[in-house]
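Peer 1: This is structure.pdb (PDB, C-alpha atoms, pLDDT in the B column).
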ATOM      1  CA  PHE A  19     -44.149  28.057  16.393  1.00 52.00           C
ATOM      2  CA  PRO A  20     -42.579  24.626  16.932  1.00 63.00           C
ATOM      3  CA  VAL A  21     -38.791  24.342  16.836  1.00 67.00           C
ATOM      4  CA  THR A  22     -37.035  21.076  16.063  1.00 76.00           C
ATOM      5  CA  ILE A  23     -33.287  20.589  16.571  1.00 82.00           C
ATOM      6  CA  SER A  24     -31.454  17.708  14.958  1.00 87.00           C
ATOM      7  CA  THR A  25     -27.790  16.641  14.959  1.00 91.00           C
ATOM      8  CA  ASP A  26     -26.294  14.268  12.424  1.00 90.00           C
ATOM      9  CA  THR A  27     -22.854  13.069  11.345  1.00 88.00           C
ATOM     10  CA  ILE A  28     -21.758  11.902   7.909  1.00 86.00           C
ATOM     11  CA  CYS A  29     -18.503  10.813   6.323  1.00 80.00           C
ATOM     12  CA  ALA A  30     -16.848  12.868   3.613  1.00 77.00           C
ATOM     13  CA  PRO A  31     -17.245  12.964   0.655  1.00 76.00           C
ATOM     14  CA  ASN A  32     -20.904  11.993   1.160  1.00 83.00           C
ATOM     15  CA  SER A  33     -23.638  14.632   1.126  1.00 90.00           C
ATOM     16  CA  TYR A  34     -26.595  15.148   3.452  1.00 92.00           C
ATOM     17  CA  SER A  35     -30.029  15.931   2.045  1.00 92.00           C
ATOM     18  CA  PHE A  36     -31.949  18.554   4.043  1.00 90.00           C
ATOM     19  CA  ASN A  37     -34.954  20.586   2.946  1.00 87.00           C
ATOM     20  CA  GLY A  38     -34.328  19.776  -0.706  1.00 88.00           C
ATOM     21  CA  GLN A  39     -30.658  20.764  -0.544  1.00 91.00           C
ATOM     22  CA  SER A  40     -27.456  18.722  -0.342  1.00 92.00           C
ATOM     23  CA  TYR A  41     -24.759  19.686   2.174  1.00 92.00           C
ATOM     24  CA  ASN A  42     -21.221  18.269   2.442  1.00 91.00           C
ATOM     25  CA  SER A  43     -19.578  20.546   5.006  1.00 91.00           C
ATOM     26  CA  THR A  44     -19.910  20.944   8.752  1.00 94.00           C
ATOM     27  CA  GLY A  45     -22.353  23.662   9.731  1.00 94.00           C
ATOM     28  CA  THR A  46     -25.748  24.721  11.103  1.00 93.00           C
ATOM     29  CA  TYR A  47     -28.625  24.693   8.643  1.00 93.00           C
ATOM     30  CA  THR A  48     -32.141  25.984   9.252  1.00 91.00           C
ATOM     31  CA  ALA A  49     -35.395  25.478   7.375  1.00 87.00           C
ATOM     32  CA  THR A  50     -38.797  27.058   7.982  1.00 84.00           C
ATOM     33  CA  LEU A  51     -41.703  24.880   6.998  1.00 79.00           C
ATOM     34  CA  ILE A  52     -45.355  25.849   6.650  1.00 76.00           C
ATOM     35  CA  ASN A  53     -48.014  23.211   7.082  1.00 66.00           C
ATOM     36  CA  SER A  54     -51.385  22.976   5.377  1.00 63.00           C
ATOM     37  CA  VAL A  55     -53.071  25.378   7.824  1.00 65.00           C
ATOM     38  CA  GLY A  56     -50.391  28.028   7.579  1.00 64.00           C
ATOM     39  CA  CYS A  57     -48.477  27.323  10.781  1.00 71.00           C
ATOM     40  CA  ASP A  58     -44.692  27.727  10.798  1.00 77.00           C
ATOM     41  CA  SER A  59     -42.216  25.222  12.158  1.00 80.00           C
ATOM     42  CA  VAL A  60     -38.461  25.687  12.277  1.00 84.00           C
ATOM     43  CA  ILE A  61     -36.041  22.814  11.876  1.00 88.00           C
ATOM     44  CA  THR A  62     -32.379  23.366  12.771  1.00 91.00           C
ATOM     45  CA  LEU A  63     -29.772  20.836  11.673  1.00 91.00           C
ATOM     46  CA  PHE A  64     -26.322  20.655  13.226  1.00 92.00           C
ATOM     47  CA  LEU A  65     -24.351  18.720  10.616  1.00 92.00           C
ATOM     48  CA  ILE A  66     -20.896  17.274  11.304  1.00 91.00           C
ATOM     49  CA  VAL A  67     -18.868  16.049   8.322  1.00 89.00           C
ATOM     50  CA  GLN A  68     -15.988  13.754   9.268  1.00 83.00           C
ATOM     51  CA  ASN A  69     -13.065  12.525   7.222  1.00 78.00           C
ATOM     52  CA  CYS A  70     -13.972   8.883   7.756  1.00 85.00           C
ATOM     53  CA  GLU A  71     -11.433   6.197   6.929  1.00 90.00           C
ATOM     54  CA  PHE A  72     -10.929   2.530   7.654  1.00 92.00           C
ATOM     55  CA  SER A  73      -7.857   0.325   7.838  1.00 95.00           C
ATOM     56  CA  ILE A  74      -6.797  -2.247   5.231  1.00 97.00           C
ATOM     57  CA  GLY A  75      -3.511  -3.968   4.582  1.00 98.00           C
ATOM     58  CA  ALA A  76      -1.344  -6.426   2.730  1.00 98.00           C
ATOM     59  CA  ARG A  77       1.137  -8.972   3.995  1.00 98.00           C
ATOM     60  CA  PHE A  78       4.278  -9.609   1.969  1.00 98.00           C
ATOM     61  CA  ASN A  79       7.987 -10.281   2.328  1.00 98.00           C
ATOM     62  CA  ILE A  80      10.955  -8.720   0.548  1.00 98.00           C
ATOM     63  CA  GLN A  81      13.557 -11.208  -0.657  1.00 98.00           C
ATOM     64  CA  GLY A  82      16.745  -9.416   0.409  1.00 98.00           C
ATOM     65  CA  LEU A  83      15.442  -8.346   3.811  1.00 98.00           C
ATOM     66  CA  TYR A  84      13.877 -11.682   4.736  1.00 98.00           C
ATOM     67  CA  ARG A  85      15.597 -14.108   7.101  1.00 98.00           C
ATOM     68  CA  SER A  86      14.248 -17.652   6.884  1.00 96.00           C
ATOM     69  CA  ALA A  87      15.828 -18.620  10.206  1.00 96.00           C
ATOM     70  CA  SER A  88      13.508 -16.253  12.066  1.00 97.00           C
ATOM     71  CA  GLY A  89      10.658 -16.092   9.552  1.00 97.00           C
ATOM     72  CA  ARG A  90      10.892 -12.291   9.673  1.00 98.00           C
ATOM     73  CA  MET A  91      12.511  -9.414   7.880  1.00 98.00           C
ATOM     74  CA  VAL A  92      15.352  -7.241   9.109  1.00 97.00           C
ATOM     75  CA  PRO A  93      14.102  -4.075  10.892  1.00 98.00           C
ATOM     76  CA  LEU A  94      16.174  -1.912   8.562  1.00 97.00           C
ATOM     77  CA  LEU A  95      14.790   1.498   9.548  1.00 97.00           C
ATOM     78  CA  TYR A  96      15.215   0.702  13.238  1.00 97.00           C
ATOM     79  CA  ASN A  97      18.726  -0.691  12.811  1.00 95.00           C
ATOM     80  CA  LEU A  98      19.819   2.443  10.957  1.00 93.00           C
ATOM     81  CA  GLY A  99      18.311   4.763  13.553  1.00 93.00           C
ATOM     82  CA  ARG A 100      15.616   6.021  11.206  1.00 94.00           C
ATOM     83  CA  SER A 101      12.762   4.752  13.371  1.00 96.00           C
ATOM     84  CA  SER A 102      12.182   4.187  17.076  1.00 97.00           C
ATOM     85  CA  ASP A 103       9.927   1.225  16.257  1.00 98.00           C
ATOM     86  CA  SER A 104      11.920  -2.006  16.554  1.00 98.00           C
ATOM     87  CA  LEU A 105       9.598  -3.656  13.996  1.00 98.00           C
ATOM     88  CA  SER A 106      10.069  -1.085  11.206  1.00 98.00           C
ATOM     89  CA  VAL A 107      11.501  -2.582   8.015  1.00 98.00           C
ATOM     90  CA  ASP A 108      11.139   0.051   5.299  1.00 98.00           C
ATOM     91  CA  THR A 109       8.766   2.398   3.527  1.00 98.00           C
ATOM     92  CA  VAL A 110       6.440   0.686   1.043  1.00 98.00           C
ATOM     93  CA  ARG A 111       3.447   1.761  -1.009  1.00 98.00           C
ATOM     94  CA  LEU A 112      -0.009   0.179  -1.237  1.00 98.00           C
ATOM     95  CA  THR A 113      -2.152   1.092  -4.241  1.00 98.00           C
ATOM     96  CA  LEU A 114      -5.766   0.207  -5.091  1.00 98.00           C
ATOM     97  CA  TRP A 115      -7.052  -0.126  -8.643  1.00 98.00           C
ATOM     98  CA  ASN A 116     -10.498  -0.296 -10.199  1.00 98.00           C
ATOM     99  CA  PRO A 117     -10.583  -3.499 -12.329  1.00 98.00           C
ATOM    100  CA  LEU A 118     -12.755  -1.651 -14.871  1.00 97.00           C
ATOM    101  CA  ASN A 119     -10.183   1.104 -15.349  1.00 95.00           C
ATOM    102  CA  LEU A 120      -6.539   0.207 -14.745  1.00 97.00           C
ATOM    103  CA  THR A 121      -5.041   3.321 -16.329  1.00 95.00           C
ATOM    104  CA  ALA A 122      -4.732   5.178 -13.011  1.00 96.00           C
ATOM    105  CA  PRO A 123      -5.056   4.126  -9.355  1.00 98.00           C
ATOM    106  CA  ILE A 124      -8.026   5.256  -7.295  1.00 97.00           C
ATOM    107  CA  PHE A 125      -5.959   5.302  -4.101  1.00 98.00           C
ATOM    108  CA  THR A 126      -2.285   5.105  -3.141  1.00 98.00           C
ATOM    109  CA  ARG A 127      -0.420   5.727   0.088  1.00 97.00           C
ATOM    110  CA  GLN A 128       2.966   5.066   1.650  1.00 98.00           C
ATOM    111  CA  THR A 129       3.265   3.180   4.912  1.00 98.00           C
ATOM    112  CA  ILE A 130       5.809   1.260   6.978  1.00 98.00           C
ATOM    113  CA  LEU A 131       6.327  -2.467   6.462  1.00 98.00           C
ATOM    114  CA  LYS A 132       6.741  -4.452   9.685  1.00 98.00           C
ATOM    115  CA  THR A 133       9.091  -7.368  10.270  1.00 98.00           C
ATOM    116  CA  ASN A 134       6.212  -9.878  10.094  1.00 98.00           C
ATOM    117  CA  GLY A 135       5.270  -8.617   6.619  1.00 98.00           C
ATOM    118  CA  ALA A 136       2.268  -6.538   7.646  1.00 98.00           C
ATOM    119  CA  ALA A 137       1.628  -3.158   6.037  1.00 98.00           C
ATOM    120  CA  PHE A 138      -1.562  -1.220   6.788  1.00 98.00           C
ATOM    121  CA  VAL A 139      -2.995   2.038   5.455  1.00 97.00           C
ATOM    122  CA  GLN A 140      -6.085   4.131   6.150  1.00 95.00           C
ATOM    123  CA  VAL A 141      -8.387   4.430   3.127  1.00 95.00           C
ATOM    124  CA  PRO A 142     -11.482   6.586   2.496  1.00 90.00           C
ATOM    125  CA  ASP A 143     -14.793   5.176   3.661  1.00 87.00           C
ATOM    126  CA  SER A 144     -16.055   5.466   0.082  1.00 88.00           C
ATOM    127  CA  LEU A 145     -13.935   2.408  -0.802  1.00 95.00           C
ATOM    128  CA  ARG A 146     -15.634   0.170   1.746  1.00 93.00           C
ATOM    129  CA  GLY A 147     -17.106  -2.955   0.166  1.00 96.00           C
ATOM    130  CA  ARG A 148     -15.589  -2.281  -3.264  1.00 97.00           C
ATOM    131  CA  SER A 149     -13.821  -4.978  -5.298  1.00 98.00           C
ATOM    132  CA  LEU A 150     -10.358  -3.656  -6.181  1.00 98.00           C
ATOM    133  CA  PHE A 151      -6.907  -4.917  -7.141  1.00 98.00           C
ATOM    134  CA  VAL A 152      -4.099  -4.113  -4.708  1.00 98.00           C
ATOM    135  CA  SER A 153      -0.483  -3.634  -5.735  1.00 98.00           C
ATOM    136  CA  VAL A 154       2.503  -3.259  -3.429  1.00 98.00           C
ATOM    137  CA  SER A 155       5.844  -1.683  -4.230  1.00 98.00           C
ATOM    138  CA  HIS A 156       9.190  -1.057  -2.567  1.00 98.00           C
ATOM    139  CA  ARG A 157      12.102   1.183  -3.553  1.00 97.00           C
ATOM    140  CA  ASN A 158      14.442  -1.574  -4.815  1.00 97.00           C
ATOM    141  CA  SER A 159      12.098  -4.527  -5.351  1.00 98.00           C
ATOM    142  CA  MET A 160       9.823  -5.799  -8.110  1.00 97.00           C
ATOM    143  CA  PRO A 161       6.198  -4.694  -7.548  1.00 98.00           C
ATOM    144  CA  ILE A 162       3.396  -7.247  -7.365  1.00 98.00           C
ATOM    145  CA  TRP A 163      -0.386  -7.185  -7.805  1.00 98.00           C
ATOM    146  CA  SER A 164      -3.097  -9.329  -6.277  1.00 98.00           C
ATOM    147  CA  ALA A 165      -4.153 -12.163  -8.552  1.00 98.00           C
ATOM    148  CA  VAL A 166      -7.780 -11.021  -8.444  1.00 98.00           C
ATOM    149  CA  PRO A 167      -9.740  -8.009  -7.186  1.00 98.00           C
ATOM    150  CA  ILE A 168     -10.411  -8.065  -3.427  1.00 98.00           C
ATOM    151  CA  VAL A 169     -13.470  -6.818  -1.548  1.00 98.00           C
ATOM    152  CA  TRP A 170     -12.166  -4.343   1.038  1.00 97.00           C
ATOM    153  CA  ASN A 171     -13.743  -3.872   4.452  1.00 94.00           C
ATOM    154  CA  ASP A 172     -12.476  -3.099   7.959  1.00 90.00           C
ATOM    155  CA  SER A 173      -9.071  -4.736   8.591  1.00 90.00           C
ATOM    156  CA  THR A 174      -9.063  -6.718   5.337  1.00 96.00           C
ATOM    157  CA  GLN A 175      -5.502  -7.931   4.787  1.00 97.00           C
ATOM    158  CA  TYR A 176      -4.403  -9.584   1.542  1.00 98.00           C
ATOM    159  CA  ASN A 177      -1.703 -12.211   2.124  1.00 98.00           C
ATOM    160  CA  PHE A 178       0.945 -12.624  -0.584  1.00 98.00           C
ATOM    161  CA  THR A 179       3.332 -14.737   1.504  1.00 98.00           C
ATOM    162  CA  GLY A 180       1.807 -18.210   1.400  1.00 96.00           C
ATOM    163  CA  SER A 181       1.329 -18.979  -2.273  1.00 97.00           C
ATOM    164  CA  VAL A 182       2.784 -17.825  -5.576  1.00 97.00           C
ATOM    165  CA  VAL A 183      -0.712 -17.792  -7.114  1.00 97.00           C
ATOM    166  CA  SER A 184      -1.773 -15.025  -4.746  1.00 98.00           C
ATOM    167  CA  ALA A 185       0.103 -12.612  -7.041  1.00 98.00           C
ATOM    168  CA  TYR A 186      -0.886 -11.789 -10.608  1.00 98.00           C
ATOM    169  CA  SER A 187       1.250 -13.651 -13.152  1.00 96.00           C
ATOM    170  CA  ASN A 188       2.245 -12.709 -16.702  1.00 90.00           C
ATOM    171  CA  GLY A 189       2.876 -16.378 -17.523  1.00 90.00           C
ATOM    172  CA  PHE A 190       6.573 -15.796 -18.255  1.00 88.00           C
ATOM    173  CA  ASN A 191       8.127 -15.950 -14.789  1.00 91.00           C
ATOM    174  CA  PRO A 192       6.869 -16.581 -11.251  1.00 95.00           C
ATOM    175  CA  PRO A 193       5.535 -13.257  -9.926  1.00 96.00           C
ATOM    176  CA  MET A 194       7.326 -13.760  -6.592  1.00 97.00           C
ATOM    177  CA  LYS A 195      10.557 -15.280  -5.329  1.00 97.00           C
ATOM    178  CA  LEU A 196      10.371 -18.615  -3.520  1.00 97.00           C
ATOM    179  CA  LEU A 197      12.230 -18.096  -0.247  1.00 98.00           C
ATOM    180  CA  PRO A 198      14.247 -20.846   1.522  1.00 96.00           C
ATOM    181  CA  ASP A 199      11.551 -21.611   4.096  1.00 97.00           C
ATOM    182  CA  GLY A 200       8.821 -22.075   1.468  1.00 97.00           C
ATOM    183  CA  THR A 201       7.224 -18.653   1.734  1.00 98.00           C
ATOM    184  CA  PHE A 202       7.250 -16.054  -1.034  1.00 98.00           C
ATOM    185  CA  GLY A 203       8.510 -12.491  -1.376  1.00 98.00           C
ATOM    186  CA  LEU A 204       9.134  -9.617  -3.759  1.00 98.00           C
ATOM    187  CA  TYR A 205      12.192 -10.049  -5.974  1.00 98.00           C
ATOM    188  CA  SER A 206      14.979  -7.707  -4.860  1.00 97.00           C
ATOM    189  CA  GLY A 207      17.148  -5.768  -7.312  1.00 96.00           C
ATOM    190  CA  ASP A 208      14.873  -3.574  -9.434  1.00 97.00           C
ATOM    191  CA  TYR A 209      16.817  -0.433  -8.552  1.00 96.00           C
ATOM    192  CA  ASN A 210      15.533   1.753 -11.384  1.00 95.00           C
ATOM    193  CA  GLN A 211      11.920   0.585 -10.913  1.00 96.00           C
ATOM    194  CA  ASP A 212      11.409  -0.145 -14.598  1.00 96.00           C
ATOM    195  CA  GLY A 213       9.734  -3.505 -13.957  1.00 95.00           C
ATOM    196  CA  PHE A 214      12.779  -5.585 -14.963  1.00 95.00           C
ATOM    197  CA  ILE A 215      15.830  -6.984 -13.181  1.00 96.00           C
ATOM    198  CA  ASN A 216      18.573  -6.888 -15.786  1.00 94.00           C
ATOM    199  CA  VAL A 217      22.013  -5.556 -16.674  1.00 93.00           C
ATOM    200  CA  LEU A 218      20.934  -1.978 -15.936  1.00 94.00           C
ATOM    201  CA  ASP A 219      20.329  -2.968 -12.328  1.00 94.00           C
ATOM    202  CA  LEU A 220      23.626  -4.847 -12.203  1.00 91.00           C
ATOM    203  CA  ASN A 221      25.401  -1.710 -13.371  1.00 91.00           C
ATOM    204  CA  THR A 222      23.661   0.322 -10.689  1.00 91.00           C
ATOM    205  CA  VAL A 223      24.875  -1.875  -7.852  1.00 90.00           C
ATOM    206  CA  TRP A 224      28.354  -2.238  -9.372  1.00 87.00           C
ATOM    207  CA  LEU A 225      28.836   1.503  -9.806  1.00 85.00           C
ATOM    208  CA  SER A 226      27.558   2.330  -6.332  1.00 81.00           C
ATOM    209  CA  ASN A 227      29.855   3.047  -3.398  1.00 64.00           C
ATOM    210  CA  PHE A 228      30.781  -0.611  -3.502  1.00 66.00           C
ATOM    211  CA  GLY A 229      32.275  -2.074  -0.357  1.00 61.00           C
ATOM    212  CA  ALA A 230      32.146   1.163   1.639  1.00 58.00           C
ATOM    213  CA  SER A 231      32.029   0.530   5.352  1.00 56.00           C
ATOM    214  CA  GLY A 232      29.456   1.899   7.751  1.00 59.00           C
ATOM    215  CA  SER A 233      25.695   1.760   8.170  1.00 72.00           C
ATOM    216  CA  SER A 234      23.820   3.727   5.534  1.00 80.00           C
ATOM    217  CA  TYR A 235      20.376   3.783   3.959  1.00 90.00           C
ATOM    218  CA  THR A 236      21.278   3.180   0.326  1.00 90.00           C
ATOM    219  CA  LEU A 237      19.263   2.021  -2.666  1.00 93.00           C
ATOM    220  CA  THR A 238      21.674  -0.796  -3.517  1.00 93.00           C
ATOM    221  CA  ASP A 239      21.760  -2.359  -0.040  1.00 94.00           C
ATOM    222  CA  ILE A 240      19.088  -4.959  -0.714  1.00 96.00           C
ATOM    223  CA  THR A 241      20.138  -7.317   2.087  1.00 95.00           C
ATOM    224  CA  GLY A 242      19.636  -4.691   4.784  1.00 94.00           C
ATOM    225  CA  ASP A 243      23.065  -4.902   6.421  1.00 91.00           C
ATOM    226  CA  GLY A 244      23.861  -1.217   5.885  1.00 89.00           C
ATOM    227  CA  ILE A 245      26.480  -1.771   3.181  1.00 89.00           C
ATOM    228  CA  THR A 246      26.562  -2.482  -0.562  1.00 89.00           C
ATOM    229  CA  ASN A 247      28.746  -5.517  -1.148  1.00 89.00           C
ATOM    230  CA  LEU A 248      29.003  -8.873  -2.925  1.00 89.00           C
ATOM    231  CA  LEU A 249      25.867 -10.159  -1.215  1.00 92.00           C
ATOM    232  CA  ASP A 250      23.817  -7.466  -2.917  1.00 94.00           C
ATOM    233  CA  LEU A 251      25.583  -7.985  -6.235  1.00 92.00           C
ATOM    234  CA  ASP A 252      25.119 -11.767  -6.126  1.00 94.00           C
ATOM    235  CA  MET A 253      21.400 -11.549  -5.335  1.00 96.00           C
ATOM    236  CA  THR A 254      20.863  -9.088  -8.177  1.00 95.00           C
ATOM    237  CA  TRP A 255      22.928 -11.220 -10.544  1.00 94.00           C
ATOM    238  CA  LEU A 256      20.979 -14.392  -9.762  1.00 94.00           C
ATOM    239  CA  ASN A 257      17.671 -12.610 -10.338  1.00 94.00           C
ATOM    240  CA  THR A 258      18.791 -11.456 -13.801  1.00 92.00           C
ATOM    241  CA  PHE A 259      19.035 -15.082 -14.988  1.00 86.00           C
ATOM    242  CA  GLY A 260      15.286 -15.561 -14.794  1.00 75.00           C
ATOM    243  CA  SER A 261      14.522 -12.578 -17.058  1.00 79.00           C
ATOM    244  CA  ILE A 262      12.366 -11.337 -14.214  1.00 87.00           C
ATOM    245  CA  SER A 263       9.714  -8.829 -15.223  1.00 92.00           C
ATOM    246  CA  ALA A 264       6.791  -7.262 -13.382  1.00 95.00           C
ATOM    247  CA  ALA A 265       3.280  -8.539 -14.037  1.00 95.00           C
ATOM    248  CA  ARG A 266       0.054  -6.576 -13.841  1.00 96.00           C
ATOM    249  CA  PRO A 267      -3.488  -6.956 -15.188  1.00 95.00           C
TER     250      PRO A 267
END
Do you think you could lay out the structure here as structure tokens?
Peer 2:
Amino acid sequence: FPVTISTDTICAPNSYSFNGQSYNSTGTYTATLINSVGCDSVITLFLIVQNCEFSIGARFNIQGLYRSASGRMVPLLYNLGRSSDSLSVDTVRLTLWNPLNLTAPIFTRQTILKTNGAAFVQVPDSLRGRSLFVSVSHRNSMPIWSAVPIVWNDSTQYNFTGSVVSAYSNGFNPPMKLLPDGTFGLYSGDYNQDGFINVLDLNTVWLSNFGASGSSYTLTDITGDGITNLLDLDMTWLNTFGSISAARP
């Protein structure tokens, strides 16, 4: 009887239809078929299921870590010996949201922000071509969202740096800080991550190990010089005057 061998590869979590069945795991599957005259034929499928992903990103600056003279951010993680990559700024999070259901994200992942503002993550292939909001967050900064949903494909990168209208606005305050060289960045100083920069954040920086010497990775060091001092206090204080609050759809 005839024997047919076939090999195919799919991306998880997709399924492969074979002989009336759906398969979503790597394996060998065999089917015996009988034609109209009663002859048998055997079909063997070697199925490979891969965890397929593609790369997307966002580009954004962080107010306290940005240096207008160079147009780049301080490589904080590298300077503090926490990374061997001389371009590593800090850990950030990229999150994707379905515009039809904003109660919970459909994807979120931490990554490393580079000095030029680039942050990339690998996302499941199932998100390819979908129109989704992206939000970005950082441990002591105000989070921001894209102004509109974005269609995500290979190497799509959403740029927040060039215009304030690239970020979603609540109509009460600019969603991003205008930096001295005309670019934009996340407001620094939201230490408790409650979506506001206010007296609670001022208290946090004031009650920290204020003025201690040395290089340390601390929440209240928003300028990235390895110490909590008047520079961090002043930047937080100035941001409280604008009643800065986070905006999201």
Peer 1: Check what the PyMOL selection byres ((chain A and resi 61-69) around 6) selects in the file above and give those residues as a PyMOL selection string.
Peer 2: chain A and resi 21-30+43-49+60+70
Peer 1: Restricted to C-alpha atoms, what would the selected residues look like written as a tab-separated table (two decimals), in the coordinates of the input?
Peer 2:
chain	number	residue	atom	x	y	z
A	21	VAL	CA	-38.79	24.34	16.84
A	22	THR	CA	-37.03	21.08	16.06
A	23	ILE	CA	-33.29	20.59	16.57
A	24	SER	CA	-31.45	17.71	14.96
A	25	THR	CA	-27.79	16.64	14.96
A	26	ASP	CA	-26.29	14.27	12.42
A	27	THR	CA	-22.85	13.07	11.34
A	28	ILE	CA	-21.76	11.90	7.91
A	29	CYS	CA	-18.50	10.81	6.32
A	30	ALA	CA	-16.85	12.87	3.61
A	43	SER	CA	-19.58	20.55	5.01
A	44	THR	CA	-19.91	20.94	8.75
A	45	GLY	CA	-22.35	23.66	9.73
A	46	THR	CA	-25.75	24.72	11.10
A	47	TYR	CA	-28.62	24.69	8.64
A	48	THR	CA	-32.14	25.98	9.25
A	49	ALA	CA	-35.40	25.48	7.38
A	60	VAL	CA	-38.46	25.69	12.28
A	70	CYS	CA	-13.97	8.88	7.76
Peer 1: Quick one: apply the PyMOL selection byres ((chain A and resi 263) around 9) to the file and drop the selected residues here as a PyMOL selection string.
Peer 2: chain A and resi 160+188+190-191+193+212-215+260-262+264-265
Peer 1: Which residues of region 122-157 of chain A have any atom within 7 Å of an atom in region 162-170 of chain A when counting all atoms listed in the file, and what is the closest pair of atoms for each, with the distance in Å to one decimal? Order the rows by chain and rising number and write it as a tab-separated table.
Peer 2:
residue	atom	partner	partner_atom	distance
A:Arg146	CA	A:Trp170	CA	5.7
A:Gly147	CA	A:Trp170	CA	5.2
A:Arg148	CA	A:Val169	CA	5.3
A:Ser149	CA	A:Val169	CA	4.2
A:Leu150	CA	A:Pro167	CA	4.5
A:Phe151	CA	A:Pro167	CA	4.2
A:Val152	CA	A:Ser164	CA	5.5
A:Ser153	CA	A:Trp163	CA	4.1
A:Val154	CA	A:Ile162	CA	5.7
A:Ser155	CA	A:Ile162	CA	6.8
Peer 1: Using all atoms listed in the file, can you tell me which of A:Leu249, A:Leu112, A:Leu197, A:Leu256 comes closest to Tyr84 (chain A)?
Peer 2: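 Among the listed residues, the smallest separation from Tyr84 (chain A) belongs to A:Leu197.
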Peer 1: Measuring between all atoms listed in the file, which one of A:Lys132, A:His156, A:Lys195, A:Arg85 shows the shortest distance to Val107 (chain A)?
Peer 2: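 Closest to Val107 (chain A), using all atoms listed in the file: A:Lys132.
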Peer 1: What separation in Å, quoted to one decimal, exists between CA of Thr109 (chain A) and CA of Leu131 (chain A)?
Peer 2: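 Value for the CA of Thr109 (chain A)-CA of Leu131 (chain A) distance: 6.2 Å.
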Peer 1: Can you tell me how far CA of Phe202 (chain A) sits from CA of Asn116 (chain A), in Å to one decimal?
Peer 2: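 Value for the CA of Phe202 (chain A)-CA of Asn116 (chain A) distance: 25.4 Å.
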Peer 1: Give me, as an NGL selection string, all polymer residues having an atom no more than 9 Å from Leu220 (chain A), counting only C-alpha atoms and skipping those fewer than 6 positions away in the same chain.
Peer 2: :A and (207 or 209 or 251 or 254-255 or 258)
Peer 1: Calculate how many Å separate CA of Leu83 (chain A) from CA of Val183 (chain A), rounding to one decimal.
Peer 2: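 Value for the CA of Leu83 (chain A)-CA of Val183 (chain A) distance: 21.7 Å.
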Peer 1: Excluding same-chain residues fewer than 5 positions from Ser233 (chain A), what lies within 8 Å of it counting all atoms listed in the file, as a PDB file with C-alpha atoms, keeping the file's coordinate frame?
Peer 2:
ATOM      1  CA  LEU A  98      19.819   2.443  10.957  1.00 93.00           C
ATOM      2  CA  ASP A 243      23.065  -4.902   6.421  1.00 91.00           C
ATOM      3  CA  GLY A 244      23.861  -1.217   5.885  1.00 89.00           C
ATOM      4  CA  ILE A 245      26.480  -1.771   3.181  1.00 89.00           C
TER       5      ILE A 245
END
